[in-house]
Structures are given as structure tokens and as C-alpha cells.
file work_34.cif (mmCIF, C-alpha atoms and all ligand atoms; chains and numbers go by the auth columns)
data_upload
#
loop_
_atom_site.group_PDB
_atom_site.id
_atom_site.type_symbol
_atom_site.label_atom_id
_atom_site.label_comp_id
_atom_site.label_asym_id
_atom_site.label_seq_id
_atom_site.Cartn_x
_atom_site.Cartn_y
_atom_site.Cartn_z
_atom_site.B_iso_or_equiv
_atom_site.auth_seq_id
_atom_site.auth_asym_id
ATOM 1 C CA MET A 1 -46.447 -47.782 -16.450 0.00 548 A
ATOM 2 C CA GLU A 2 -43.244 -47.647 -18.525 0.00 549 A
ATOM 3 C CA LEU A 3 -45.131 -45.397 -20.936 0.00 550 A
ATOM 4 C CA LEU A 4 -45.949 -43.044 -18.076 0.00 551 A
ATOM 5 C CA LYS A 5 -42.355 -43.128 -16.834 0.00 552 A
ATOM 6 C CA GLU A 6 -41.204 -41.870 -20.231 0.00 553 A
ATOM 7 C CA LYS A 7 -43.385 -38.796 -19.707 0.00 554 A
ATOM 8 C CA ILE A 8 -41.492 -37.748 -16.553 0.00 555 A
ATOM 9 C CA ARG A 9 -38.598 -35.414 -17.377 0.00 556 A
ATOM 10 C CA ASP A 10 -35.540 -35.214 -15.112 0.00 557 A
ATOM 11 C CA ILE A 11 -34.269 -31.660 -14.516 0.00 558 A
ATOM 12 C CA PRO A 12 -30.866 -31.857 -12.772 0.00 559 A
ATOM 13 C CA ASN A 13 -29.955 -29.209 -10.193 0.00 560 A
ATOM 14 C CA PHE A 14 -33.447 -27.695 -9.909 0.00 561 A
ATOM 15 C CA PRO A 15 -34.485 -25.866 -7.775 0.00 562 A
ATOM 16 C CA GLN A 16 -31.111 -26.338 -6.046 0.00 563 A
ATOM 17 C CA PRO A 17 -27.762 -27.971 -6.888 0.00 564 A
ATOM 18 C CA GLY A 18 -27.885 -31.714 -6.224 0.00 565 A
ATOM 19 C CA ILE A 19 -31.659 -32.105 -6.644 0.00 566 A
ATOM 20 C CA VAL A 20 -32.992 -33.998 -9.662 0.00 567 A
ATOM 21 C CA PHE A 21 -36.427 -32.488 -10.175 0.00 568 A
ATOM 22 C CA LYS A 22 -39.131 -34.785 -11.559 0.00 569 A
ATOM 23 C CA ASP A 23 -40.979 -32.627 -14.085 0.00 570 A
ATOM 24 C CA ILE A 24 -44.526 -33.874 -14.656 0.00 571 A
ATOM 25 C CA THR A 25 -45.465 -31.257 -17.279 0.00 572 A
ATOM 26 C CA PRO A 26 -44.854 -33.628 -20.264 0.00 573 A
ATOM 27 C CA LEU A 27 -47.175 -36.141 -18.585 0.00 574 A
ATOM 28 C CA VAL A 28 -50.021 -33.707 -17.886 0.00 575 A
ATOM 29 C CA LYS A 29 -49.744 -32.310 -21.421 0.00 576 A
ATOM 30 C CA ASP A 30 -50.436 -35.745 -22.932 0.00 577 A
ATOM 31 C CA PRO A 31 -54.199 -36.485 -22.742 0.00 578 A
ATOM 32 C CA ALA A 32 -53.842 -40.298 -22.765 0.00 579 A
ATOM 33 C CA ALA A 33 -51.045 -40.275 -20.190 0.00 580 A
ATOM 34 C CA LEU A 34 -52.944 -37.861 -17.942 0.00 581 A
ATOM 35 C CA ARG A 35 -56.116 -39.935 -18.102 0.00 582 A
ATOM 36 C CA LEU A 36 -54.247 -43.193 -17.384 0.00 583 A
ATOM 37 C CA THR A 37 -52.371 -41.564 -14.485 0.00 584 A
ATOM 38 C CA VAL A 38 -55.536 -40.313 -12.782 0.00 585 A
ATOM 39 C CA HIS A 39 -57.297 -43.636 -13.371 0.00 586 A
ATOM 40 C CA GLU A 40 -54.414 -45.620 -11.865 0.00 587 A
ATOM 41 C CA LEU A 41 -53.974 -43.141 -9.010 0.00 588 A
ATOM 42 C CA ILE A 42 -57.509 -43.643 -7.702 0.00 589 A
ATOM 43 C CA HIS A 43 -57.819 -47.339 -8.635 0.00 590 A
ATOM 44 C CA PRO A 44 -57.242 -48.829 -5.124 0.00 591 A
ATOM 45 C CA PHE A 45 -59.657 -46.344 -3.561 0.00 592 A
ATOM 46 C CA VAL A 46 -62.693 -46.476 -5.855 0.00 593 A
ATOM 47 C CA THR A 47 -64.569 -48.862 -3.552 0.00 594 A
ATOM 48 C CA GLU A 48 -63.593 -46.962 -0.387 0.00 595 A
ATOM 49 C CA PRO A 49 -66.012 -44.603 1.330 0.00 596 A
ATOM 50 C CA LEU A 50 -64.334 -41.220 0.801 0.00 597 A
ATOM 51 C CA SER A 51 -65.476 -37.707 1.713 0.00 598 A
ATOM 52 C CA ALA A 52 -62.942 -35.655 -0.247 0.00 599 A
ATOM 53 C CA VAL A 53 -59.488 -35.524 -1.815 0.00 600 A
ATOM 54 C CA ALA A 54 -56.884 -33.209 -0.269 0.00 601 A
ATOM 55 C CA GLY A 55 -54.096 -32.005 -2.559 0.00 602 A
ATOM 56 C CA MET A 56 -50.948 -30.050 -1.797 0.00 603 A
ATOM 57 C CA GLU A 57 -50.007 -26.834 -3.595 0.00 604 A
ATOM 58 C CA ALA A 58 -49.199 -26.737 -6.359 0.00 605 A
ATOM 59 C CA ARG A 59 -48.850 -29.943 -8.372 0.00 606 A
ATOM 60 C CA GLY A 60 -51.053 -31.821 -5.932 0.00 607 A
ATOM 61 C CA PHE A 61 -53.862 -29.554 -7.131 0.00 608 A
ATOM 62 C CA ILE A 62 -53.585 -30.935 -10.664 0.00 609 A
ATOM 63 C CA PHE A 63 -53.777 -34.618 -9.757 0.00 610 A
ATOM 64 C CA GLY A 64 -55.896 -34.128 -6.640 0.00 611 A
ATOM 65 C CA ALA A 65 -58.639 -32.151 -8.363 0.00 612 A
ATOM 66 C CA LEU A 66 -58.792 -34.638 -11.241 0.00 613 A
ATOM 67 C CA ALA A 67 -58.863 -37.548 -8.791 0.00 614 A
ATOM 68 C CA ALA A 68 -61.717 -35.889 -6.883 0.00 615 A
ATOM 69 C CA TRP A 69 -63.616 -35.327 -10.130 0.00 616 A
ATOM 70 C CA GLU A 70 -63.204 -38.982 -11.135 0.00 617 A
ATOM 71 C CA LEU A 71 -64.239 -40.185 -7.676 0.00 618 A
ATOM 72 C CA GLY A 72 -67.260 -37.870 -7.672 0.00 619 A
ATOM 73 C CA ILE A 73 -66.212 -36.132 -4.454 0.00 620 A
ATOM 74 C CA GLY A 74 -64.923 -32.694 -3.479 0.00 621 A
ATOM 75 C CA PHE A 75 -61.412 -31.261 -3.349 0.00 622 A
ATOM 76 C CA ILE A 76 -59.608 -29.597 -0.431 0.00 623 A
ATOM 77 C CA PRO A 77 -56.573 -27.400 -1.169 0.00 624 A
ATOM 78 C CA LEU A 78 -53.640 -27.540 1.254 0.00 625 A
ATOM 79 C CA ARG A 79 -51.809 -24.299 0.555 0.00 626 A
ATOM 80 C CA LYS A 80 -48.584 -22.439 1.219 0.00 627 A
ATOM 81 C CA PRO A 81 -48.794 -19.836 4.008 0.00 628 A
ATOM 82 C CA GLY A 82 -50.892 -16.737 3.440 0.00 629 A
ATOM 83 C CA LYS A 83 -52.848 -18.024 0.439 0.00 630 A
ATOM 84 C CA LEU A 84 -56.071 -19.263 2.019 0.00 631 A
ATOM 85 C CA PRO A 85 -58.522 -16.450 2.774 0.00 632 A
ATOM 86 C CA TYR A 86 -60.491 -17.883 5.730 0.00 633 A
ATOM 87 C CA ASP A 87 -59.280 -19.073 9.185 0.00 634 A
ATOM 88 C CA VAL A 88 -56.532 -21.665 8.848 0.00 635 A
ATOM 89 C CA GLN A 89 -54.659 -24.326 10.737 0.00 636 A
ATOM 90 C CA SER A 90 -50.905 -24.375 9.944 0.00 637 A
ATOM 91 C CA ILE A 91 -48.155 -26.958 10.145 0.00 638 A
ATOM 92 C CA SER A 92 -44.388 -26.698 9.502 0.00 639 A
ATOM 93 C CA TYR A 93 -42.216 -29.559 8.255 0.00 640 A
ATOM 94 C CA ASP A 94 -38.841 -30.418 6.638 0.00 641 A
ATOM 95 C CA LEU A 95 -38.390 -30.811 2.877 0.00 642 A
ATOM 96 C CA GLU A 96 -35.798 -32.558 0.687 0.00 643 A
ATOM 97 C CA TYR A 97 -34.702 -28.985 -0.048 0.00 644 A
ATOM 98 C CA GLY A 98 -35.313 -26.655 2.941 0.00 645 A
ATOM 99 C CA SER A 99 -38.377 -26.381 5.159 0.00 646 A
ATOM 100 C CA ALA A 100 -41.958 -25.352 4.505 0.00 647 A
ATOM 101 C CA SER A 101 -45.428 -24.832 5.960 0.00 648 A
ATOM 102 C CA LEU A 102 -48.871 -25.866 4.804 0.00 649 A
ATOM 103 C CA GLU A 103 -52.268 -24.458 5.726 0.00 650 A
ATOM 104 C CA MET A 104 -55.815 -25.778 5.557 0.00 651 A
ATOM 105 C CA HIS A 105 -59.098 -24.001 6.234 0.00 652 A
ATOM 106 C CA VAL A 106 -60.393 -24.834 9.717 0.00 653 A
ATOM 107 C CA ASP A 107 -63.743 -25.950 8.278 0.00 654 A
ATOM 108 C CA ALA A 108 -62.265 -28.024 5.440 0.00 655 A
ATOM 109 C CA VAL A 109 -62.636 -31.387 7.182 0.00 656 A
ATOM 110 C CA GLY A 110 -64.124 -32.681 10.421 0.00 657 A
ATOM 111 C CA PRO A 111 -64.944 -35.791 12.468 0.00 658 A
ATOM 112 C CA GLY A 112 -66.335 -38.637 10.354 0.00 659 A
ATOM 113 C CA ASP A 113 -64.678 -37.426 7.140 0.00 660 A
ATOM 114 C CA ARG A 114 -62.430 -39.883 5.276 0.00 661 A
ATOM 115 C CA ILE A 115 -59.837 -38.075 3.183 0.00 662 A
ATOM 116 C CA LEU A 116 -57.596 -39.258 0.343 0.00 663 A
ATOM 117 C CA VAL A 117 -54.311 -37.301 0.206 0.00 664 A
ATOM 118 C CA VAL A 118 -52.884 -36.795 -3.314 0.00 665 A
ATOM 119 C CA ASP A 119 -49.604 -35.292 -4.529 0.00 666 A
ATOM 120 C CA ASP A 120 -47.306 -35.646 -7.533 0.00 667 A
ATOM 121 C CA VAL A 121 -44.139 -36.754 -5.698 0.00 668 A
ATOM 122 C CA ILE A 122 -43.297 -38.404 -2.394 0.00 669 A
ATOM 123 C CA ALA A 123 -39.652 -37.675 -1.578 0.00 670 A
ATOM 124 C CA THR A 124 -38.832 -37.604 2.169 0.00 671 A
ATOM 125 C CA GLY A 125 -42.534 -37.918 2.990 0.00 672 A
ATOM 126 C CA GLY A 126 -42.486 -34.737 5.099 0.00 673 A
ATOM 127 C CA THR A 127 -45.118 -32.913 3.047 0.00 674 A
ATOM 128 C CA ALA A 128 -47.505 -35.849 3.044 0.00 675 A
ATOM 129 C CA ALA A 129 -46.990 -36.597 6.754 0.00 676 A
ATOM 130 C CA ALA A 130 -47.701 -32.931 7.578 0.00 677 A
ATOM 131 C CA SER A 131 -50.818 -33.037 5.389 0.00 678 A
ATOM 132 C CA CYS A 132 -52.075 -36.141 7.184 0.00 679 A
ATOM 133 C CA LYS A 133 -51.486 -34.423 10.523 0.00 680 A
ATOM 134 C CA LEU A 134 -53.446 -31.326 9.436 0.00 681 A
ATOM 135 C CA ILE A 135 -56.370 -33.560 8.474 0.00 682 A
ATOM 136 C CA GLU A 136 -56.210 -35.611 11.672 0.00 683 A
ATOM 137 C CA ASN A 137 -55.853 -32.501 13.857 0.00 684 A
ATOM 138 C CA GLN A 138 -59.331 -31.523 12.684 0.00 685 A
ATOM 139 C CA GLY A 139 -60.752 -34.911 13.636 0.00 686 A
ATOM 140 C CA ALA A 140 -60.937 -36.478 10.166 0.00 687 A
ATOM 141 C CA THR A 141 -59.427 -39.803 9.051 0.00 688 A
ATOM 142 C CA VAL A 142 -56.802 -40.255 6.330 0.00 689 A
ATOM 143 C CA ALA A 143 -58.181 -43.067 4.160 0.00 690 A
ATOM 144 C CA GLY A 144 -54.987 -43.246 2.108 0.00 691 A
ATOM 145 C CA CYS A 145 -52.235 -41.375 0.297 0.00 692 A
ATOM 146 C CA ALA A 146 -51.711 -41.580 -3.463 0.00 693 A
ATOM 147 C CA PHE A 147 -48.680 -40.314 -5.375 0.00 694 A
ATOM 148 C CA VAL A 148 -47.734 -40.382 -9.031 0.00 695 A
ATOM 149 C CA ILE A 149 -43.997 -40.668 -8.268 0.00 696 A
ATOM 150 C CA GLU A 150 -42.077 -42.209 -5.385 0.00 697 A
ATOM 151 C CA LEU A 151 -38.395 -41.333 -4.925 0.00 698 A
ATOM 152 C CA ALA A 152 -37.710 -44.638 -3.213 0.00 699 A
ATOM 153 C CA ALA A 153 -34.179 -43.885 -2.002 0.00 700 A
ATOM 154 C CA LEU A 154 -35.505 -41.073 0.219 0.00 701 A
ATOM 155 C CA GLU A 155 -37.654 -43.601 2.111 0.00 702 A
ATOM 156 C CA GLY A 156 -40.699 -41.359 2.491 0.00 703 A
ATOM 157 C CA ARG A 157 -42.687 -44.538 3.014 0.00 704 A
ATOM 158 C CA LYS A 158 -41.212 -44.871 6.497 0.00 705 A
ATOM 159 C CA LEU A 159 -42.794 -41.570 7.611 0.00 706 A
ATOM 160 C CA LEU A 160 -46.147 -42.730 6.239 0.00 707 A
ATOM 161 C CA LYS A 161 -46.062 -46.272 7.586 0.00 708 A
ATOM 162 C CA ASP A 162 -49.362 -45.785 9.429 0.00 709 A
ATOM 163 C CA TYR A 163 -51.249 -44.980 6.219 0.00 710 A
ATOM 164 C CA ARG A 164 -52.409 -46.871 3.171 0.00 711 A
ATOM 165 C CA LEU A 165 -49.943 -45.818 0.488 0.00 712 A
ATOM 166 C CA HIS A 166 -50.298 -46.025 -3.291 0.00 713 A
ATOM 167 C CA CYS A 167 -47.446 -44.911 -5.609 0.00 714 A
ATOM 168 C CA LEU A 168 -47.646 -45.349 -9.371 0.00 715 A
ATOM 169 C CA LEU A 169 -44.047 -44.897 -10.509 0.00 716 A
ATOM 170 C CA SER A 170 -40.956 -45.651 -8.440 0.00 717 A
ATOM 171 C CA PHE A 171 -37.619 -44.036 -9.281 0.00 718 A
HETATM 172 P P1 LIG B . -41.238 -34.484 0.558 0.00 801 B
HETATM 173 O O1 LIG B . -41.944 -33.687 1.579 0.00 801 B
HETATM 174 O O2 LIG B . -39.762 -34.546 0.759 0.00 801 B
HETATM 175 O O3 LIG B . -41.848 -35.865 0.381 0.00 801 B
HETATM 176 O O4 LIG B . -41.391 -33.721 -0.816 0.00 801 B
HETATM 177 C C1 LIG B . -42.552 -33.814 -1.546 0.00 801 B
HETATM 178 C C2 LIG B . -42.977 -32.491 -2.088 0.00 801 B
HETATM 179 O O5 LIG B . -41.909 -31.753 -2.664 0.00 801 B
HETATM 180 C C3 LIG B . -43.993 -32.695 -3.164 0.00 801 B
HETATM 181 O O6 LIG B . -44.978 -31.701 -3.056 0.00 801 B
HETATM 182 C C4 LIG B . -43.196 -32.578 -4.438 0.00 801 B
HETATM 183 O O7 LIG B . -43.936 -31.899 -5.395 0.00 801 B
HETATM 184 C C5 LIG B . -41.934 -31.840 -4.068 0.00 801 B
HETATM 185 N N1 LIG B . -40.692 -32.541 -4.448 0.00 801 B
HETATM 186 C C6 LIG B . -39.747 -33.017 -3.618 0.00 801 B
HETATM 187 N N2 LIG B . -38.730 -33.545 -4.279 0.00 801 B
HETATM 188 C C7 LIG B . -39.024 -33.425 -5.576 0.00 801 B
HETATM 189 C C8 LIG B . -38.335 -33.798 -6.778 0.00 801 B
HETATM 190 N N3 LIG B . -37.136 -34.407 -6.762 0.00 801 B
HETATM 191 N N4 LIG B . -38.943 -33.544 -7.949 0.00 801 B
HETATM 192 C C9 LIG B . -40.166 -32.919 -7.975 0.00 801 B
HETATM 193 N N5 LIG B . -40.833 -32.546 -6.886 0.00 801 B
HETATM 194 C C10 LIG B . -40.274 -32.784 -5.689 0.00 801 B
#
call {"tool": "encode", "arguments": {"input": "work_34.cif", "output": "C-alpha cells", "more": "lines below"}}
Ligand code: AMP
result
Amino acid sequence: MELLKEKIRDIPNFPQPGIVFKDITPLVKDPAALRLTVHELIHPFVTEPLSAVAGMEARGFIFGALAAWELGIGFIPLRKPGKLPYDVQSISYDLEYGSASLEMHVDAVGPGDRILVVDDVIATGGTAAASCKLIENQGATVAGCAFVIELAALEGRKLLKDYRLHCLLSF
């Protein structure tokens, strides 16, 4: 895990003053680090019955799609407003920097589906909590949430206390 931590680059004051952005591009560029990350990300869930992985735009697409591939299941994109072409369900939430909305196709998940939520970073937990709500609003179950990086001081865990949480690297 220390090896993976070395592949995360801190970018101070991005995208706003006071934010230390965790840049995962050195990690995803390194084939061994990327493979280990995806393997470790899905590890607790490989024996779970899962229907699909849901990943948040945009970095959640990278890890989420690879996790889905490794698990042998499909991928559901949760996107920023106006990007999905079919009918959508929307949700708004607060971010560490500002506020945001996410959308999911209305036929993406349904009753009986068990979904694994994947993103690169959990900060305040707002994005992940909103994603879980989108999934549950359509009658599906959140089987767990997996993140590469946890910014522990922001206590995102508290917002996700009702879910099975798996974070690889804590900062
Ligand atoms: P939050 O909703 O506060 O948990 O924020 C998580 C979302 O914002 C994830 O999609 C992250 O990609 C992004 N994010 C928040 N804070 C950071 C950070 N310090 N470095 C990189 N990404 C971040």
C-alpha cells in the first residue's frame, strides 16, 4: 500500500485555494500500480453477489469500469448534468469545494440489483452518499462502496455509515 501511496501526487490549491488535490494520474499510468489498485479495490467484494458497478464521473469511470471488468459484471455511469442521453434521475449534493449534481439513467438499476459504488476519492462523502441515494431511489441495493483514497479528516465515513465501506489508502 505504501507503494501505491507514492503514486498519488498532491497538487496544492487545485481546483481552488486551500484544497490539496489528490492526483491519481501517476498511479493509473503505472501498469503494476493500476493492476494492484483494482485488485485490492474489489477484494472484499469478489464473493458477493453483485449486479453491476456504478462509478462517478470522471475518475470513478476509470476505477469503476476496471473493477466491473475484473468482477465480470457491467458498469453504470453516474454523470454530471446534461451528459446522459436517455431519461434520467437527478440528485444535488454538497462538495468539499462547492455543490454539484449527478444523474443516472432511469433504467440503469432496479429492484433486486446489488450495486457496488466506486470512486477515486472519498472526501466529505457527499458524492458517494448522493450516488447511493440515486441507486436506492430506483429500488436497487447498495452492496458496498469502494474508494482508492480516503481523506480521513473530512469524515466522509460518517455520511456512509449505513454502507459497507472499503478504502485502500487513507490520508
Ligand atoms: P466528496 O463528495 O466530498 O466525498 O468528494 C468526492 C468527490 O470529489 C470525488 O469524486 C473526488 O474525485 C472529488 N474530490 C474531492 N476532494 C478531492 C481531493 N482533495 N482530491 C481529489 N479529488 C477530490
call {"tool": "resolve_selection", "arguments": {"input": "work_34.cif", "expression": "the PyMOL selection byres (((chain A and resi 635-637) around 8) and not hetatm)", "output": "JSON, numbers by chain"}}
result
{"A": [628, 631, 633, 634, 638, 639, 648, 649, 650, 651, 652, 653, 681]}
call {"tool": "residues_near_ligand", "arguments": {"input": "work_34.cif", "ligand": "ligand LIG 801 (chain B)", "cutoff": "9 Å", "atoms": "all atoms listed in the file", "output": "compact mmCIF listing (two decimals) with C-alpha atoms, in the coordinates of the input"}}
result
# COMPACT_ATOMS: atom_id res chain seq x y z
CA ASP A 557 -35.54 -35.21 -15.11
CA ILE A 558 -34.27 -31.66 -14.52
CA PHE A 561 -33.45 -27.70 -9.91
CA PRO A 562 -34.48 -25.87 -7.78
CA ILE A 566 -31.66 -32.10 -6.64
CA VAL A 567 -32.99 -34.00 -9.66
CA PHE A 568 -36.43 -32.49 -10.18
CA LYS A 569 -39.13 -34.78 -11.56
CA ASP A 570 -40.98 -32.63 -14.08
CA ILE A 571 -44.53 -33.87 -14.66
CA MET A 603 -50.95 -30.05 -1.80
CA GLU A 604 -50.01 -26.83 -3.60
CA ALA A 605 -49.20 -26.74 -6.36
CA ARG A 606 -48.85 -29.94 -8.37
CA GLY A 607 -51.05 -31.82 -5.93
CA TYR A 640 -42.22 -29.56 8.26
CA ASP A 641 -38.84 -30.42 6.64
CA LEU A 642 -38.39 -30.81 2.88
CA GLU A 643 -35.80 -32.56 0.69
CA TYR A 644 -34.70 -28.98 -0.05
CA SER A 646 -38.38 -26.38 5.16
CA ALA A 647 -41.96 -25.35 4.50
CA ASP A 666 -49.60 -35.29 -4.53
CA ASP A 667 -47.31 -35.65 -7.53
CA VAL A 668 -44.14 -36.75 -5.70
CA ILE A 669 -43.30 -38.40 -2.39
CA ALA A 670 -39.65 -37.67 -1.58
CA THR A 671 -38.83 -37.60 2.17
CA GLY A 672 -42.53 -37.92 2.99
CA GLY A 673 -42.49 -34.74 5.10
CA THR A 674 -45.12 -32.91 3.05
CA ALA A 675 -47.50 -35.85 3.04
CA ALA A 676 -46.99 -36.60 6.75
CA ALA A 677 -47.70 -32.93 7.58
CA ILE A 696 -44.00 -40.67 -8.27
CA GLU A 697 -42.08 -42.21 -5.38
CA LEU A 698 -38.40 -41.33 -4.92
CA LEU A 701 -35.51 -41.07 0.22
CA GLU A 702 -37.65 -43.60 2.11
CA GLY A 703 -40.70 -41.36 2.49
call {"tool": "resolve_selection", "arguments": {"input": "work_34.cif", "expression": "the PyMOL selection byres (((chain A and resi 588) around 9) and not hetatm)", "output": "mmCIF file with C-alpha atoms, in the coordinates of the input"}}
result
data_model
loop_
_atom_site.group_PDB
_atom_site.id
_atom_site.type_symbol
_atom_site.label_atom_id
_atom_site.label_comp_id
_atom_site.auth_asym_id
_atom_site.auth_seq_id
_atom_site.Cartn_x
_atom_site.Cartn_y
_atom_site.Cartn_z
ATOM 1 C CA LEU A 583 -54.247 -43.193 -17.384
ATOM 2 C CA THR A 584 -52.371 -41.564 -14.485
ATOM 3 C CA VAL A 585 -55.536 -40.313 -12.782
ATOM 4 C CA HIS A 586 -57.297 -43.636 -13.371
ATOM 5 C CA GLU A 587 -54.414 -45.620 -11.865
ATOM 6 C CA ILE A 589 -57.509 -43.643 -7.702
ATOM 7 C CA HIS A 590 -57.819 -47.339 -8.635
ATOM 8 C CA PRO A 591 -57.242 -48.829 -5.124
ATOM 9 C CA PHE A 592 -59.657 -46.344 -3.561
ATOM 10 C CA PHE A 610 -53.777 -34.618 -9.757
ATOM 11 C CA ALA A 614 -58.863 -37.548 -8.791
ATOM 12 C CA VAL A 665 -52.884 -36.795 -3.314
ATOM 13 C CA ALA A 693 -51.711 -41.580 -3.463
ATOM 14 C CA PHE A 694 -48.680 -40.314 -5.375
ATOM 15 C CA VAL A 695 -47.734 -40.382 -9.031
ATOM 16 C CA HIS A 713 -50.298 -46.025 -3.291
ATOM 17 C CA CYS A 714 -47.446 -44.911 -5.609
ATOM 18 C CA LEU A 715 -47.646 -45.349 -9.371
#
call {"tool": "atom_distance", "arguments": {"input": "work_34.cif", "atom1": "CA of Leu581 in chain A", "atom2": "CA of Leu551 in chain A"}}
result
8.7 Å
call {"tool": "atom_distance", "arguments": {"input": "work_34.cif", "atom1": "CA of Ala699 in chain A", "atom2": "CA of Ile609 in chain A"}}
result
22.3 Å
call {"tool": "resolve_selection", "arguments": {"input": "work_34.cif", "expression": "the PyMOL selection byres (((chain A and resi 691) around 7) and not hetatm)", "output": "list in words"}}
result
Leu663, Val664, Val689, Ala690, Cys692, Ala693, Tyr710, Arg711 and Leu712 of chain A
call {"tool": "atom_distance", "arguments": {"input": "work_34.cif", "atom1": "CA of Pro624 in chain A", "atom2": "CA of Ala700 in chain A"}}
result
27.8 Å
call {"tool": "residues_around", "arguments": {"input": "work_34.cif", "residues": "range 552-554 of chain A", "least_positions_apart": "5", "cutoff": "9 Å", "atoms": "all atoms listed in the file", "output": "PyMOL selection string"}}
result
chain A and resi 570-575+577+580+716-718
call {"tool": "write_last_selection", "arguments": {"input": "work_34.cif", "atoms": "C-alpha atoms", "output": "PDB file, in the coordinates of the input"}}
result
ATOM      1  CA  ASP A 570     -40.979 -32.627 -14.085  1.00  0.00           C
ATOM      2  CA  ILE A 571     -44.526 -33.874 -14.656  1.00  0.00           C
ATOM      3  CA  THR A 572     -45.465 -31.257 -17.279  1.00  0.00           C
ATOM      4  CA  PRO A 573     -44.854 -33.628 -20.264  1.00  0.00           C
ATOM      5  CA  LEU A 574     -47.175 -36.141 -18.585  1.00  0.00           C
ATOM      6  CA  VAL A 575     -50.021 -33.707 -17.886  1.00  0.00           C
ATOM      7  CA  ASP A 577     -50.436 -35.745 -22.932  1.00  0.00           C
ATOM      8  CA  ALA A 580     -51.045 -40.275 -20.190  1.00  0.00           C
ATOM      9  CA  LEU A 716     -44.047 -44.897 -10.509  1.00  0.00           C
ATOM     10  CA  SER A 717     -40.956 -45.651  -8.440  1.00  0.00           C
ATOM     11  CA  PHE A 718     -37.619 -44.036  -9.281  1.00  0.00           C
TER      12      PHE A 718
END
call {"tool": "residues_around", "arguments": {"input": "work_34.cif", "residues": "Ile682 in chain A", "least_positions_apart": "6", "cutoff": "8 Å", "atoms": "all atoms listed in the file", "output": "list in words"}}
result
Val656, Ile662, Thr688 and Val689 of chain A
call {"tool": "decode", "arguments": {"input": "work_34.cif", "residues": "range 641-654 of chain A", "atoms": "N, CA, C and O atoms", "output": "mmCIF file, in the first residue's frame"}}
result
data_model
loop_
_atom_site.group_PDB
_atom_site.id
_atom_site.type_symbol
_atom_site.label_atom_id
_atom_site.label_comp_id
_atom_site.auth_asym_id
_atom_site.auth_seq_id
_atom_site.Cartn_x
_atom_site.Cartn_y
_atom_site.Cartn_z
ATOM 1 N N ASP A 641 -23.734 18.535 -1.651
ATOM 2 C CA ASP A 641 -22.629 19.457 -1.339
ATOM 3 C C ASP A 641 -21.289 18.759 -1.534
ATOM 4 O O ASP A 641 -21.155 17.574 -1.264
ATOM 5 N N LEU A 642 -20.307 19.534 -2.001
ATOM 6 C CA LEU A 642 -18.946 19.043 -2.215
ATOM 7 C C LEU A 642 -17.992 19.703 -1.238
ATOM 8 O O LEU A 642 -18.330 20.716 -0.630
ATOM 9 N N GLU A 643 -16.741 19.148 -1.161
ATOM 10 C CA GLU A 643 -15.684 19.817 -0.392
ATOM 11 C C GLU A 643 -15.466 21.212 -0.969
ATOM 12 O O GLU A 643 -15.216 22.163 -0.261
ATOM 13 N N TYR A 644 -15.575 21.326 -2.307
ATOM 14 C CA TYR A 644 -15.472 22.633 -2.948
ATOM 15 C C TYR A 644 -16.728 22.866 -3.793
ATOM 16 O O TYR A 644 -16.864 22.358 -4.883
ATOM 17 N N GLY A 645 -17.731 23.559 -3.239
ATOM 18 C CA GLY A 645 -18.946 23.910 -3.966
ATOM 19 C C GLY A 645 -20.054 22.878 -3.854
ATOM 20 O O GLY A 645 -20.099 22.101 -2.916
ATOM 21 N N SER A 646 -20.974 22.904 -4.828
ATOM 22 C CA SER A 646 -22.051 21.917 -4.848
ATOM 23 C C SER A 646 -22.135 21.327 -6.254
ATOM 24 O O SER A 646 -21.551 21.862 -7.186
ATOM 25 N N ALA A 647 -22.859 20.226 -6.379
ATOM 26 C CA ALA A 647 -22.870 19.514 -7.653
ATOM 27 C C ALA A 647 -24.135 18.683 -7.773
ATOM 28 O O ALA A 647 -24.894 18.534 -6.815
ATOM 29 N N SER A 648 -24.366 18.157 -8.978
ATOM 30 C CA SER A 648 -25.465 17.222 -9.213
ATOM 31 C C SER A 648 -24.930 16.012 -9.965
ATOM 32 O O SER A 648 -23.933 16.107 -10.685
ATOM 33 N N LEU A 649 -25.619 14.910 -9.772
ATOM 34 C CA LEU A 649 -25.304 13.680 -10.512
ATOM 35 C C LEU A 649 -26.584 13.160 -11.130
ATOM 36 O O LEU A 649 -27.673 13.351 -10.575
ATOM 37 N N GLU A 650 -26.439 12.478 -12.276
ATOM 38 C CA GLU A 650 -27.592 11.874 -12.936
ATOM 39 C C GLU A 650 -27.312 10.415 -13.267
ATOM 40 O O GLU A 650 -26.160 10.031 -13.509
ATOM 41 N N MET A 651 -28.405 9.642 -13.307
ATOM 42 C CA MET A 651 -28.304 8.231 -13.690
ATOM 43 C C MET A 651 -29.496 7.922 -14.595
ATOM 44 O O MET A 651 -30.593 8.447 -14.381
ATOM 45 N N HIS A 652 -29.295 7.100 -15.593
ATOM 46 C CA HIS A 652 -30.415 6.692 -16.441
ATOM 47 C C HIS A 652 -31.474 5.973 -15.605
ATOM 48 O O HIS A 652 -31.142 5.175 -14.716
ATOM 49 N N VAL A 653 -32.743 6.241 -15.923
ATOM 50 C CA VAL A 653 -33.839 5.684 -15.115
ATOM 51 C C VAL A 653 -33.922 4.155 -15.214
ATOM 52 O O VAL A 653 -34.497 3.510 -14.340
ATOM 53 N N ASP A 654 -33.335 3.592 -16.276
ATOM 54 C CA ASP A 654 -33.369 2.129 -16.409
ATOM 55 C C ASP A 654 -32.029 1.474 -16.066
ATOM 56 O O ASP A 654 -31.786 0.318 -16.390
#
